file query_22.cif (mmCIF, C-alpha atoms)
data_model
loop_
_atom_site.label_atom_id
_atom_site.label_comp_id
_atom_site.auth_asym_id
_atom_site.auth_seq_id
_atom_site.Cartn_x
_atom_site.Cartn_y
_atom_site.Cartn_z
CA MET A 1 4.81 26.43 106.76
CA MET A 2 7.94 26.26 104.71
CA PHE A 3 10.28 25.97 107.68
CA PRO A 4 8.34 24.57 110.65
CA LEU A 5 9.32 26.29 113.85
CA GLU A 6 9.95 23.02 115.66
CA GLU A 7 12.78 22.22 113.26
CA ILE A 8 14.88 25.17 114.39
CA THR A 9 14.16 24.96 118.11
CA HIS A 10 14.29 22.35 120.87
CA SER A 11 17.94 21.60 120.27
CA THR A 12 21.31 22.02 121.89
CA CYS A 13 24.90 22.42 120.82
CA SER A 14 27.44 19.76 121.66
CA HIS A 15 30.46 22.08 121.46
CA TYR A 16 30.77 21.98 125.23
CA LEU A 17 30.69 18.17 125.23
CA ASP A 18 33.57 18.17 122.75
CA GLN A 19 35.60 20.60 124.80
CA HIS A 20 34.99 19.14 128.29
CA PRO A 21 34.13 15.45 127.85
CA HIS A 22 35.82 14.15 130.99
CA ALA A 23 34.17 16.68 133.30
CA ILE A 24 30.71 15.78 132.06
CA LEU A 25 31.44 12.05 132.09
CA TYR A 26 32.63 12.32 135.70
CA SER A 27 29.46 14.21 136.66
CA ILE A 28 27.24 11.56 135.07
CA LEU A 29 29.02 8.58 136.62
CA SER A 30 29.25 10.22 140.03
CA GLY A 31 25.53 10.94 140.09
CA GLN A 32 25.86 14.70 140.24
CA GLU A 33 23.83 14.94 137.04
CA SER A 34 21.53 11.96 137.59
CA GLY A 35 18.71 13.37 135.48
CA TYR A 36 20.93 14.49 132.65
CA LEU A 37 20.61 11.42 130.44
CA ASN A 38 16.81 11.40 130.52
CA THR A 39 16.24 15.13 130.18
CA LYS A 40 15.54 16.64 126.78
CA LEU A 41 17.14 20.04 126.69
CA ASP A 42 14.77 22.69 125.42
CA GLN A 43 16.73 25.78 124.52
CA ASN A 44 15.67 28.49 122.11
CA ILE A 45 19.07 29.05 120.49
CA THR A 46 19.92 30.80 117.27
CA ALA A 47 19.74 27.65 115.17
CA HIS A 48 21.30 28.65 111.88
CA ASN A 49 24.37 30.16 113.50
CA CYS A 50 25.37 26.88 115.15
CA HIS A 51 27.30 24.30 113.16
CA CYS A 52 26.00 21.54 115.42
CA GLU A 53 22.44 22.56 114.56
CA GLN A 54 23.16 22.23 110.85
CA ARG A 55 24.62 18.75 111.40
CA ARG A 56 21.53 17.61 113.30
CA THR A 57 20.05 14.51 111.66
CA VAL A 58 16.41 14.58 110.65
CA CYS A 59 13.75 12.36 109.13
CA LEU A 60 10.34 12.88 107.55
CA LYS A 61 7.60 13.84 109.97
CA ASP A 62 5.03 11.86 107.96
CA PRO A 63 7.06 9.25 106.06
CA ALA A 64 4.11 7.17 104.83
CA ALA A 65 2.37 10.03 103.04
CA THR A 66 5.51 11.87 101.93
CA CYS A 67 7.27 8.78 100.56
CA GLN A 68 4.14 7.90 98.60
CA VAL A 69 4.09 11.35 97.01
CA ALA A 70 7.84 11.21 96.34
CA SER A 71 7.49 7.80 94.69
CA SER A 72 4.76 9.21 92.46
CA VAL A 73 7.05 12.08 91.43
CA LEU A 74 9.84 9.61 90.65
CA VAL A 75 7.53 7.47 88.49
CA LYS A 76 6.41 10.57 86.58
CA THR A 77 10.06 11.53 86.11
CA ILE A 78 10.91 8.13 84.61
CA CYS A 79 7.81 8.30 82.41
CA PHE A 80 8.89 11.72 81.15
CA VAL A 81 12.35 10.40 80.28
CA ARG A 82 10.97 7.34 78.52
CA SER A 83 8.54 9.48 76.53
CA LEU A 84 11.33 11.40 74.78
CA PRO A 85 11.94 9.87 71.31
CA SER A 86 15.44 11.34 71.18
CA PHE A 87 16.29 9.59 74.47
CA SER A 88 14.90 6.26 73.31
CA GLN A 89 17.12 6.41 70.23
CA LEU A 90 20.27 6.46 72.35
CA PRO A 91 22.24 3.27 73.08
CA SER A 92 20.92 1.54 76.20
CA GLY A 93 24.22 2.10 77.99
CA ASP A 94 23.99 5.84 77.41
CA GLN A 95 20.38 5.85 78.58
CA SER A 96 21.38 4.15 81.84
CA SER A 97 24.34 6.48 82.38
CA LEU A 98 22.30 9.63 81.77
CA LEU A 99 19.51 8.51 84.08
CA ARG A 100 21.85 7.50 86.89
CA HIS A 101 23.61 10.85 86.66
CA CYS A 102 20.58 13.09 86.09
CA TRP A 103 17.67 11.51 87.96
CA LEU A 104 18.15 13.66 91.07
CA PRO A 105 17.88 17.12 89.42
CA LEU A 106 14.93 15.84 87.37
CA PHE A 107 13.30 14.57 90.57
CA VAL A 108 13.85 17.91 92.33
CA LEU A 109 12.28 19.69 89.37
CA GLY A 110 9.36 17.29 89.72
CA LEU A 111 8.99 18.17 93.40
CA ALA A 112 8.95 21.85 92.48
CA GLN A 113 6.50 21.40 89.61
CA GLU A 114 4.13 19.40 91.82
CA LYS A 115 4.49 21.99 94.61
CA ILE A 116 5.47 19.29 97.11
CA VAL A 117 5.92 20.54 100.68
CA PHE A 118 7.36 18.23 103.34
CA GLU A 119 8.18 18.51 107.01
CA VAL A 120 11.01 16.90 108.95
CA THR A 121 11.60 16.18 112.59
CA ASN A 122 14.57 15.28 114.77
CA VAL A 123 16.04 11.80 114.70
CA PRO A 124 16.27 10.70 118.34
CA ASN A 125 19.83 11.20 119.49
CA SER A 126 21.92 8.34 120.76
CA SER A 127 22.68 8.51 124.46
CA ILE A 128 24.88 11.30 125.74
CA LEU A 129 27.14 8.70 127.37
CA ARG A 130 27.64 6.93 124.03
CA GLN A 131 28.47 10.22 122.33
CA ILE A 132 31.05 11.03 125.00
CA LEU A 133 32.69 7.60 124.91
CA LEU A 134 32.79 7.24 121.11
CA GLY A 135 33.42 10.90 120.27
CA PRO A 136 32.92 12.05 116.67
CA ARG A 137 33.15 8.55 115.17
CA LEU A 138 29.96 7.64 113.30
CA THR A 139 28.73 4.44 111.73
CA GLU A 140 28.41 4.41 107.95
CA ARG A 141 24.62 4.64 108.16
CA GLU A 142 24.78 7.54 110.62
CA ALA A 143 27.17 9.39 108.30
CA HIS A 144 24.63 9.26 105.45
CA ARG A 145 21.57 10.29 107.43
CA PRO A 146 19.84 13.47 106.21
CA THR A 147 20.91 16.61 108.04
CA LEU A 148 19.02 19.81 108.65
CA ALA A 149 21.59 21.63 106.51
CA GLY A 150 20.89 19.31 103.59
CA VAL A 151 17.15 19.74 103.95
CA HIS A 152 17.50 23.54 103.98
CA LYS A 153 19.61 23.34 100.82
CA LEU A 154 16.89 21.32 99.07
CA ARG A 155 14.16 23.66 100.28
CA THR A 156 16.13 26.67 99.08
CA CYS A 157 16.23 25.18 95.58
CA LEU A 158 12.49 24.49 95.65
CA HIS A 159 11.73 27.97 96.94
CA TYR A 160 13.84 29.55 94.18
CA LEU A 161 12.01 27.53 91.52
CA TRP A 162 8.62 28.43 92.99
CA ASN A 163 9.53 32.10 92.87
CA LEU A 164 10.34 31.75 89.17
CA ASP A 165 6.88 30.22 88.62
CA LEU A 166 7.94 28.15 85.61
CA SER A 167 5.38 27.11 83.03
CA PRO A 168 4.97 23.40 82.09
CA LYS A 169 6.94 23.99 78.89
CA GLU A 170 9.75 25.70 80.77
CA TYR A 171 9.93 22.76 83.16
CA ALA A 172 9.96 20.29 80.24
CA TYR A 173 12.77 22.02 78.33
CA LEU A 174 14.81 22.54 81.49
CA LYS A 175 14.48 18.84 82.29
CA GLY A 176 15.68 18.06 78.78
CA ALA A 177 18.68 20.34 79.15
CA LEU A 178 19.65 18.61 82.42
CA LEU A 179 19.00 15.11 81.13
CA PHE A 180 21.08 15.41 77.96
CA ASN A 181 24.37 16.10 79.69
CA PRO A 182 27.34 15.38 77.39
CA ALA A 183 29.74 15.70 80.34
CA VAL A 184 28.60 12.36 81.82
CA GLN A 185 31.52 9.92 81.74
CA GLY A 186 31.47 6.90 79.45
CA LEU A 187 28.92 8.06 76.88
CA SER A 188 29.26 6.60 73.40
CA ALA A 189 27.12 9.26 71.71
CA SER A 190 28.42 12.43 73.36
CA PRO A 191 28.27 14.67 70.26
CA PHE A 192 24.65 13.70 69.61
CA ILE A 193 23.75 14.23 73.27
CA GLU A 194 25.46 17.63 73.25
CA GLY A 195 23.33 18.60 70.26
CA LEU A 196 20.19 17.53 72.14
CA GLN A 197 21.19 19.69 75.10
CA GLN A 198 21.77 22.70 72.86
CA GLU A 199 18.40 22.08 71.25
CA ALA A 200 16.74 22.00 74.68
CA HIS A 201 18.43 25.28 75.61
CA ARG A 202 17.24 26.94 72.39
CA ALA A 203 13.68 25.69 72.95
CA LEU A 204 13.78 27.01 76.52
CA GLN A 205 14.95 30.43 75.33
CA GLU A 206 12.20 30.53 72.70
CA VAL A 207 9.42 29.72 75.15
CA ILE A 208 10.80 32.30 77.61
CA HIS A 209 10.78 34.93 74.87
CA LEU A 210 7.22 33.97 74.00
CA LEU A 211 5.88 33.98 77.57
CA HIS A 212 8.09 36.70 79.10
CA PRO A 213 9.24 38.96 76.26
CA GLU A 214 10.23 41.78 78.64
CA ASP A 215 12.25 39.58 81.01
CA THR A 216 15.79 39.60 79.65
CA VAL A 217 17.34 37.78 82.64
CA ARG A 218 14.84 34.97 83.13
CA PHE A 219 16.92 32.44 81.18
CA SER A 220 19.94 33.19 83.37
CA HIS A 221 17.86 32.84 86.53
CA ILE A 222 16.52 29.47 85.38
CA LEU A 223 20.03 28.23 84.66
CA LEU A 224 21.09 29.49 88.09
CA ALA A 225 18.27 27.47 89.65
CA ALA A 226 19.43 24.39 87.74
CA SER A 227 22.97 24.94 89.00
CA GLY A 228 21.70 25.12 92.58
CA ILE A 229 19.98 21.75 92.22
CA GLN A 230 23.33 20.14 91.46
CA ALA A 231 24.42 20.97 95.02
CA VAL A 232 21.71 18.72 96.52
CA SER A 233 23.26 15.40 97.52
CA HIS A 234 22.03 12.05 96.25
CA SER A 235 22.33 10.52 99.72
CA LEU A 236 20.02 13.17 101.20
CA VAL A 237 17.22 12.54 98.70
CA THR A 238 17.62 8.76 98.74
CA GLU A 239 17.73 8.46 102.53
CA LEU A 240 14.96 10.99 103.13
CA PHE A 241 12.39 10.01 100.51
CA PHE A 242 13.14 6.46 99.37
CA LYS A 243 15.05 4.52 102.03
CA PRO A 244 11.90 4.08 104.16
CA VAL A 245 10.31 2.34 101.14
CA ILE A 246 13.12 0.50 99.33
CA GLY A 247 15.29 -0.34 102.32
CA ASN A 248 18.75 -1.47 101.22
CA THR A 249 17.83 -1.77 97.53
CA ASN A 250 20.38 -0.04 95.32
CA MET A 251 18.83 3.12 93.91
CA SER A 252 20.75 2.94 90.63
CA HIS A 253 19.58 -0.62 90.02
CA LEU A 254 16.01 0.37 90.79
CA LEU A 255 16.14 3.28 88.34
CA THR A 256 17.54 1.05 85.59
CA GLU A 257 14.76 -1.48 86.15
CA MET A 258 12.14 1.27 86.00
CA LEU A 259 13.67 2.64 82.80
CA PHE A 260 13.72 -0.63 80.88
CA LEU A 261 10.69 -2.31 82.45
#

call {"tool": "encode", "arguments": {"input": "query_22.cif", "output": "structure tokens"}}
result
Amino acid sequence: MMFPLEEITHSTCSHYLDQHPHAILYSILSGQESGYLNTKLDQNITAHNCHCEQRRTVCLKDPAATCQVASSVLVKTICFVRSLPSFSQLPSGDQSSLLRHCWLPLFVLGLAQEKIVFEVTNVPNSSILRQILLGPRLTEREAHRPTLAGVHKLRTCLHYLWNLDLSPKEYAYLKGALLFNPAVQGLSASPFIEGLQQEAHRALQEVIHLLHPEDTVRFSHILLAASGIQAVSHSLVTELFFKPVIGNTNMSHLLTEMLFL
């Protein structure tokens, strides 16, 4: 199932806690709500209409299997990049900059091309008492944890790409157009890279005309899909798919090592 039912149920909104913290804290400490801390509220609320629901932190339901698949997609992505003669001809600094900037959209395209489906589940909440005492302040790690809203954004991108049903050549040329981004800061060969991007766009248009001669808006829809991928955050993908494997290893350093290995 694309959106498992359990991900949008079995949750509660903390708006009331924010508005009446002292009343609830008094009830807990006075024993009037003795079972409150150990009771998991099970309410069938309208999940997507609640901001608290969207902020709910999640993790992979099957991290071992999903992280293995994600790692395979990342390796294939790096292999694709390294296989491009035009990329290999670029200065090493430009290669590193392009990969650091563009690896995420290329990875998302890889997930879509491989038809990867993943499920998430709730991260166990910290104690209600701790939430009341500390309020909205979060640790740095907590602030970067994947949220349900971020996961839905990623899934929306994947779903849009699946509906387009891109061919292997369309995927390849779209990846090239995203990889050769002349807007990346610090490039020493920007004009050459801009030419490569234009070439990728022309090749994409040609293959679309060949495969879908009657579809006059397909190119625009593909570019719209690519634009949507840019809204997916790096922290979401890194924390969700790779943090369980690489721990505190810097993702940019890991990508550079994979590129020049």

call {"tool": "resolve_selection", "arguments": {"input": "query_22.cif", "expression": "the PyMOL selection byres ((chain A and resi 168-180) around 7)", "output": "PyMOL selection string"}}
result
chain A and resi 98+102+106+166-167+181-182+193-194+196-197+200-201+203-204+207

call {"tool": "closest_residue", "arguments": {"input": "query_22.cif", "among": "A:Gln205, A:Ser233, A:Ser188, A:Thr249", "to": "Trp103 of chain A", "atoms": "only C-alpha atoms"}}
result
A:Ser233

call {"tool": "resolve_selection", "arguments": {"input": "query_22.cif", "expression": "the PyMOL selection byres ((chain A and resi 109) around 9)", "output": "NGL selection string"}}
result
:A and (104-108 or 110-114 or 158 or 161 or 171 or 174-175 or 226 or 229)

call {"tool": "resolve_selection", "arguments": {"input": "query_22.cif", "expression": "the PyMOL selection byres ((chain A and resi 150) around 9)", "output": "PyMOL selection string"}}
result
chain A and resi 54-55+146-149+151-155+232-233+236

call {"tool": "atom_distance", "arguments": {"input": "query_22.cif", "atom1": "atom CA of Asp94 of chain A", "atom2": "atom CA of Ala189 of chain A"}}
result
7.3 Å

call {"tool": "closest_residue", "arguments": {"input": "query_22.cif", "among": "A:Val81, A:Val58, A:Leu224, A:Val184", "to": "Val120 of chain A", "atoms": "all atoms listed in the file"}}
result
A:Val58

call {"tool": "atom_distance", "arguments": {"input": "query_22.cif", "atom1": "atom CA of Phe242 of chain A", "atom2": "atom CA of Cys59 of chain A"}}
result
11.4 Å

call {"tool": "residues_near_point", "arguments": {"input": "query_22.cif", "point": "(12.6, 9.7, 93.8)", "cutoff": "7 Å", "atoms": "only C-alpha atoms", "output": "PDB file with C-alpha atoms, in the frame of the given file"}}
result
ATOM      1  CA  ALA A  70       7.840  11.210  96.340  1.00  0.00           C
ATOM      2  CA  SER A  71       7.490   7.800  94.690  1.00  0.00           C
ATOM      3  CA  VAL A  73       7.050  12.080  91.430  1.00  0.00           C
ATOM      4  CA  LEU A  74       9.840   9.610  90.650  1.00  0.00           C
ATOM      5  CA  PHE A 107      13.300  14.570  90.570  1.00  0.00           C
ATOM      6  CA  PHE A 241      12.390  10.010 100.510  1.00  0.00           C
ATOM      7  CA  PHE A 242      13.140   6.460  99.370  1.00  0.00           C
TER       8      PHE A 242
END

call {"tool": "atom_distance", "arguments": {"input": "query_22.cif", "atom1": "atom CA of His221 of chain A", "atom2": "atom CA of Phe118 of chain A"}}
result
24.6 Å

call {"tool": "closest_residue", "arguments": {"input": "query_22.cif", "among": "A:Leu164, A:Asp62, A:Cys67, A:Ser96", "to": "Ile246 of chain A", "atoms": "all atoms listed in the file"}}
result
A:Cys67

call {"tool": "closest_residue", "arguments": {"input": "query_22.cif", "among": "A:Leu240, A:Leu255, A:Val217, A:Ile116", "to": "Pro63 of chain A", "atoms": "all atoms listed in the file"}}
result
A:Leu240
